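Undergrad: My structure is below; once you've seen it, I'll send some questions.
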Amino acid sequence: APMSYPSFLARLRQLPADPALPPQLLQTRQWDGPLCRVRLDNTGSSPEAVRHWRLFEGDLGLAPDAAIYGEGFQMLAQTMGSWQAPEPVGRCPDAGVYRITEDDGYHTVHNLLLVACEGGWLLLAFASCQRFGGEFRLYPDGRLEIVMNAEGRTLAPGQHWQSEALICLEGPDREALLGSLADYIEAEHPSLVAAVAARPSGWCSWYHYYADVSAADIRENLAVRAMRFPALRYVQIDDGYQARMGDWLTPSPKFEQGVATLAGEIRAAGCEPALWVAPFIAEPGSQVFQQHPDWFVKGEDGLPLPSERVTYGGWRCTPWYVLDGTHPEVQAHLEQVFRTLREQWGIHYFKLDANFWGAIHGGRFHDPAATRVEAYRRGMAAILRGAGEGAFLLGCNAPIWPSLGLVHGMRVSDDVERQGPRFRQIAREAFCRAWQHERLWVLDPDCVCLRDIPGQHASESEYQFHLAALVASGGMVLAGDRLQDLDEVQGTHLGKLLALCAARTPAARFDDMGFSRGRVALPGGGELLCLFNWDEQATEMALPAGGTDFWSEAPLGETLVLAGGQGAVIRYY
């Protein structure tokens with residue numbers, strides 16, 4: 001039977017609120033169509049500390065085996081599977097690796113929950129994240145709790161809090177529901193996308209050189225770019241240029257003349273310098289940590305908190321300590337660092353990494369009333385002020401919802417590695433978030449990597465999957481290989497991706513969340529059909545007549561056999 005509107009919205013409105021709240025805390029729901037805000041008033045005479053504040057709890061009548069999609073708090077966490085048997089999409093679930101929630105007897109999804117139901121989808125989501133993180137707790141028996149994480153902050157007598165804006169939408173078309181959500185989000189958090197003149201493309205040092213990059217490596221790729229890939233606009237110097245994590249203006253010995261000189265050479269060569277910065281973290285030996293220990297998030301002991309005590313500790317130069325975005329001197333410092341990079345080094349594009357740590361939980365802030373969401377947002381606002389007009393801020397390893405309205409671009413997947421399972425993992429991550437593209441921010445599906453390196457090997461079929469996934473993602477295009485290593489065919493493939501990027505082709509629309517067939521509408525007419533074989537075995541797929549292979553331009557028949565883990569892109573005029 002078709003969905004009897006407004007079935008789920010009517011059921012949600014009937015659900016009771018938090019029975020565990022003390023009686024002096026009064027909840028009032030304010031509905032505006034499918035949007036609800038809940039007001040919490042302290043009507044008593046003493047302050048109340050609130051950890052979790054449940055807006056709704058109960059059963060919406062959803063089948064426990066219903067397929068779901070849930071967002072993570074941070075970039076590396078997403079959930080698929082079913083309500084009663086949720087499965088992580090990526091490697092680093094919020095509750096496990098990051099220790100963000102306790103998840104005792106339930107599974108937490110952050111800020112967005114899609115549930116397959118008869119005749120379509122139910123979408124529950126928060127359209128804002130100004131102060132509190134929104135959490136959906138899924139119990140295996142079908143029970144749901146919708147929670148504002150108040151982090152134990154104190155509500156004073158006579159004061160009130162407003163919840164974030166909760167949306168309840170249902171309908172047959174998943175993409176249409178997500179498009180409506182994007183409208184609601186844009187009303188709460190105006191997007192920075194309109195300020196992005198052209199979709200960024202370029203070359204990034206990380207995926208070939210990692211932290212061993214030197215100024216000579218950058219110069220070599222700059223020279224090859226000029227000869228073979230002039231369409232690559234940015235040359236992005238990744239992690240490894242700095243003396244220490246936290247001291248972004250002090251170069252390592254491998255950048256003997258400094259990064260500002262190199263940035264000048266990049267501009268003189270006709271392209272734009274871009275820089276990796278992890279603005280919220282510092283290692284113990286850094287000058288910023290040595291000179292200003294009072295700038296950092298504190299632990300229970302009153303000392304700077306090493307992040308590994310409460311969450312994932314970081315991937316190199318640990319332990320990481322976290323700059324406190326609520327501290328006025330930290331805000332001034334962040335603004336000054338980015339103003340220096342802009343005005344003195346001439347850099348306008350910043351790949352901001354390890355952003356999650358700016359929203360770290362379990363610490364004490366300079367402003368005791370602020371939540372981790374507010375700490376992060378105040379820090380990011382300072383960075384945005386320093387980076388100035390015309391800047392491009394890319395969020396990486398970011399807390400997704402707390403970043404709304406504060407970045408121009410967003411990495412939506414784990415790091416690329418040249419191997420089939422990782423190609424498939426990051427494609428699924430990006431496809432689940434494709435609805436955000438050029439609505440909330442420009443999507444970054446991570447770098448194009450087409451050549452094996454020591455320790456990373458993929459088959460030709462797997463590289464074809466990776467290429468097709470980048471077409472379907474529709475986002476930014478950054479090359480991750482050493483440019484002189486690319487052979488003619490690989491260079492041609494990169495060129496085709498760059499042409500799609502320049503034309504600002506949209507992300508693919510998929511028939512379903514199996515993501516095996518997606519269609520990209522080309523701005524000049526015609527379309528690309530993107531096909532993916534997620535299995536190990538070969539499969540035969542039916543094709544509409546008249547297609548040509550996008551990469552080789554060879555005409556195709558009405559069936560195509562894809563090897564295990566292979567992808568294809570077919571052009572129709």
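Chain labels A, B, ... are given in the sequence in which chains occur in the structure tokens; within each chain residues are numbered consecutively from 1, and ligands are likewise numbered from 1 in the order shown.
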Residues near Gly133 in chain A, anyone? I mean within 8 Å using only C-alpha atoms, not counting same-chain ones fewer than 4 positions away, as an mmCIF file with N, CA, C and O atoms, in the first residue's frame.

TA:
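Just written: part-v6.cif:
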data_model
loop_
_atom_site.group_PDB
_atom_site.id
_atom_site.type_symbol
_atom_site.label_atom_id
_atom_site.label_comp_id
_atom_site.auth_asym_id
_atom_site.auth_seq_id
_atom_site.Cartn_x
_atom_site.Cartn_y
_atom_site.Cartn_z
ATOM 1 N N HIS A 110 24.093 10.049 14.043
ATOM 2 C CA HIS A 110 24.188 11.477 14.344
ATOM 3 C C HIS A 110 23.532 12.330 13.262
ATOM 4 O O HIS A 110 23.925 12.265 12.096
ATOM 5 N N ASN A 111 22.519 13.088 13.650
ATOM 6 C CA ASN A 111 21.952 14.188 12.859
ATOM 7 C C ASN A 111 21.150 13.816 11.624
ATOM 8 O O ASN A 111 20.382 14.638 11.144
ATOM 9 N N CYS A 129 22.967 22.820 13.528
ATOM 10 C CA CYS A 129 23.940 22.354 14.530
ATOM 11 C C CYS A 129 24.697 23.582 15.019
ATOM 12 O O CYS A 129 25.881 23.736 14.763
ATOM 13 N N MET A 148 19.108 15.442 22.240
ATOM 14 C CA MET A 148 20.071 16.537 22.150
ATOM 15 C C MET A 148 21.182 16.232 23.145
ATOM 16 O O MET A 148 20.898 15.995 24.331
ATOM 17 N N ASN A 149 22.411 16.245 22.684
ATOM 18 C CA ASN A 149 23.536 16.002 23.581
ATOM 19 C C ASN A 149 23.941 17.335 24.203
ATOM 20 O O ASN A 149 24.592 18.170 23.567
ATOM 21 N N ALA A 150 23.537 17.530 25.468
ATOM 22 C CA ALA A 150 23.805 18.804 26.156
ATOM 23 C C ALA A 150 25.127 18.779 26.916
ATOM 24 O O ALA A 150 25.515 19.774 27.537
ATOM 25 N N VAL A 373 30.412 21.696 20.184
ATOM 26 C CA VAL A 373 29.986 22.246 18.889
ATOM 27 C C VAL A 373 30.305 23.736 18.834
ATOM 28 O O VAL A 373 30.844 24.242 17.835
ATOM 29 N N TRP A 401 28.192 17.797 10.773
ATOM 30 C CA TRP A 401 27.153 18.815 11.027
ATOM 31 C C TRP A 401 27.700 20.073 11.707
ATOM 32 O O TRP A 401 27.285 21.176 11.352
ATOM 33 N N PRO A 402 28.619 19.978 12.671
ATOM 34 C CA PRO A 402 29.141 21.225 13.252
ATOM 35 C C PRO A 402 29.840 22.127 12.237
ATOM 36 O O PRO A 402 30.033 23.310 12.497
#

Undergrad: Can you list, as a list in words, every protein, DNA or RNA residue that comes within 10 Å of Pro368 in chain A when you count only C-alpha atoms, leaving out same-chain residues fewer than 2 positions away?

TA: Arg153, Thr154, Thr326, Arg364, Phe365, His366, Ala370 and Thr371 of chain A

Undergrad: Please identify the strand (DSSP E) residues within range 497-533 of chain A (assignment by DSSP from backbone atoms) and present them as a PyMOL selection string.

TA: chain A and resi 509-510+517-521+527-532

Undergrad: Can you list, as a short mmCIF file (atom, residue, chain, number, x, y, z; two decimals) with C-alpha atoms, in the first residue's frame, every residue of range 234-343 of chain A that DSSP puts in helix (DSSP H, G or I)?

TA:
data_model
loop_
_atom_site.label_atom_id
_atom_site.label_comp_id
_atom_site.auth_asym_id
_atom_site.auth_seq_id
_atom_site.Cartn_x
_atom_site.Cartn_y
_atom_site.Cartn_z
CA PRO A 253 64.47 21.61 6.99
CA LYS A 254 63.20 20.05 3.70
CA PHE A 255 61.69 23.46 2.88
CA VAL A 259 56.96 27.78 2.09
CA ALA A 260 56.26 31.43 1.23
CA THR A 261 59.06 31.40 -1.40
CA LEU A 262 57.71 28.17 -2.88
CA ALA A 263 54.17 29.60 -2.94
CA GLY A 264 55.58 32.53 -4.93
CA GLU A 265 57.13 30.10 -7.45
CA ILE A 266 53.79 28.30 -7.79
CA ARG A 267 52.03 31.58 -8.56
CA ALA A 268 54.78 32.60 -11.01
CA GLN A 287 56.33 26.15 20.15
CA VAL A 288 52.62 26.89 20.42
CA PHE A 289 52.19 24.16 23.05
CA GLN A 290 55.39 25.03 24.92
CA GLN A 291 54.62 28.75 25.05
CA PRO A 293 49.74 25.58 27.49
CA ASP A 294 46.77 27.63 28.77
CA TRP A 295 45.36 27.75 25.20
CA SER A 307 43.40 13.47 22.88
CA GLU A 308 44.04 9.72 23.19
CA ARG A 309 42.68 9.85 26.74
CA PRO A 328 39.67 34.48 22.97
CA GLU A 329 43.48 34.27 22.59
CA VAL A 330 43.12 31.04 20.56
CA GLN A 331 40.59 32.74 18.29
CA ALA A 332 43.03 35.64 17.79
CA HIS A 333 45.88 33.15 17.13
CA LEU A 334 43.91 31.18 14.52
CA GLU A 335 42.80 34.35 12.79
CA GLN A 336 46.38 35.66 12.74
CA VAL A 337 47.88 32.40 11.38
CA PHE A 338 45.46 32.37 8.44
CA ARG A 339 45.77 36.10 7.82
CA THR A 340 49.57 35.64 7.63
CA LEU A 341 49.20 32.71 5.22
CA ARG A 342 46.90 34.82 3.07
CA GLU A 343 48.60 38.21 3.16
#

Undergrad: Set out as CSV a contact list for range 344-429 of chain A and range 436-444 of chain A with a cut-off of 9 Å, giving each residue of range 344-429 of chain A that qualifies its closest atom pair and distance in Å to one decimal, counting only C-alpha atoms, ordered by chain and rising residue number.

TA:
residue,atom,partner,partner_atom,distance
A:Leu394,CA,A:Asp444,CA,8.2
A:Leu404,CA,A:Leu440,CA,7.0
A:Gly405,CA,A:Leu440,CA,7.3
A:Val407,CA,A:Trp441,CA,6.9
A:His408,CA,A:Trp441,CA,5.2
A:Gly409,CA,A:Val442,CA,4.4
A:Met410,CA,A:Leu443,CA,5.3
A:Arg411,CA,A:Asp444,CA,4.5
A:Val412,CA,A:Asp444,CA,6.3
A:Ser413,CA,A:Asp444,CA,8.0

Undergrad: If we count only C-alpha atoms, what is near range 494-508 of chain A at a cut-off of 8 Å, once residues fewer than 3 positions away on the same chain are taken out, given as a ChimeraX atom specification?

TA: /A:198-201,229,231-232,434-435,437,448,470-477,479,490-491,518-523,530,551

Undergrad: With 6 Å as the cut-off and only C-alpha atoms counted, what is the closest atom pair between each nearby residue of range 83-143 of chain A and range 62-77 of chain A? Distances in Å to one decimal, ordered by chain and number, as a tab-separated table.

TA:
residue	atom	partner	partner_atom	distance
A:Trp83	CA	A:Pro64	CA	5.3
A:Gln84	CA	A:Pro64	CA	5.2
A:Gly90	CA	A:Ala77	CA	5.9
A:Cys92	CA	A:Leu76	CA	5.5
A:Pro93	CA	A:Ala77	CA	4.7
A:Asp94	CA	A:Ala77	CA	5.8
A:Val109	CA	A:Gly70	CA	5.3
A:His110	CA	A:Gly72	CA	5.2
A:Leu112	CA	A:Glu71	CA	5.4
A:Leu113	CA	A:Gly70	CA	4.6
A:Leu114	CA	A:Tyr69	CA	5.1
A:Val115	CA	A:Ile68	CA	4.5
A:Ala116	CA	A:Ala67	CA	5.3
A:Gly142	CA	A:Pro64	CA	5.2

Undergrad: Identify which of the residues A:Arg174, A:Arg137, A:Arg418, A:Arg37 lies closest to Gln162 in chain A, counting only C-alpha atoms when measuring atom-to-atom distances.

TA: A:Arg37

Undergrad: Can you work out which one of A:Gln27, A:Gly152, A:Ser82, A:Leu303 has the shortest atom-to-atom distance to Thr43 in chain A, counting only C-alpha atoms?

TA: A:Gln27

Undergrad: Report as number ranges by chain all protein, DNA and RNA residues lying within 10 Å of range 425-428 of chain A, evaluated on only C-alpha atoms, omitting residues in the same chain fewer than 4 positions from it.

TA: A: 76, 78, 89-91, 412-417, 420-421, 432-434, 445-446, 465-466, 468-470, 472-473, 513-515, 532, 534

Undergrad: Keeping only C-alpha atoms, take the residues you just selected and write them out as an mmCIF file, in the first residue's frame.

TA:
data_model
loop_
_atom_site.group_PDB
_atom_site.id
_atom_site.type_symbol
_atom_site.label_atom_id
_atom_site.label_comp_id
_atom_site.auth_asym_id
_atom_site.auth_seq_id
_atom_site.Cartn_x
_atom_site.Cartn_y
_atom_site.Cartn_z
ATOM 1 C CA LEU A 76 34.928 8.478 8.928
ATOM 2 C CA GLN A 78 28.468 6.230 8.587
ATOM 3 C CA VAL A 89 30.368 1.808 6.220
ATOM 4 C CA GLY A 90 33.893 2.994 7.023
ATOM 5 C CA ARG A 91 36.783 1.976 9.275
ATOM 6 C CA VAL A 412 33.314 13.050 2.500
ATOM 7 C CA SER A 413 35.349 9.844 2.453
ATOM 8 C CA ASP A 414 38.316 8.106 4.005
ATOM 9 C CA ASP A 415 41.782 8.490 2.476
ATOM 10 C CA VAL A 416 42.246 6.894 -0.920
ATOM 11 C CA GLU A 417 44.580 3.883 -1.106
ATOM 12 C CA GLY A 420 40.096 -2.495 -4.505
ATOM 13 C CA PRO A 421 38.486 -2.701 -1.045
ATOM 14 C CA CYS A 432 25.816 8.320 0.546
ATOM 15 C CA ARG A 433 26.746 11.993 0.920
ATOM 16 C CA ALA A 434 26.374 13.037 -2.728
ATOM 17 C CA PRO A 445 35.805 12.533 -3.004
ATOM 18 C CA ASP A 446 39.597 12.502 -2.395
ATOM 19 C CA PHE A 465 36.030 1.355 -10.510
ATOM 20 C CA HIS A 466 37.933 4.234 -8.874
ATOM 21 C CA ALA A 468 33.939 5.651 -12.413
ATOM 22 C CA ALA A 469 33.366 6.502 -8.738
ATOM 23 C CA LEU A 470 35.066 9.872 -9.203
ATOM 24 C CA ALA A 472 29.724 9.634 -10.173
ATOM 25 C CA SER A 473 30.829 11.724 -7.182
ATOM 26 C CA MET A 513 21.358 2.556 -2.163
ATOM 27 C CA GLY A 514 22.914 -0.513 -3.744
ATOM 28 C CA PHE A 515 24.695 2.078 -5.939
ATOM 29 C CA PHE A 532 29.587 -0.542 -10.485
ATOM 30 C CA TRP A 534 30.555 -4.325 -5.858
#

Undergrad: Please indicate the distance in Å from CA of Ala282 in chain A to CA of Asp212 in chain A, rounded to one decimal place.

TA: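 According to the coordinates, CA of Ala282 in chain A and CA of Asp212 in chain A are separated by 19.1 Å.
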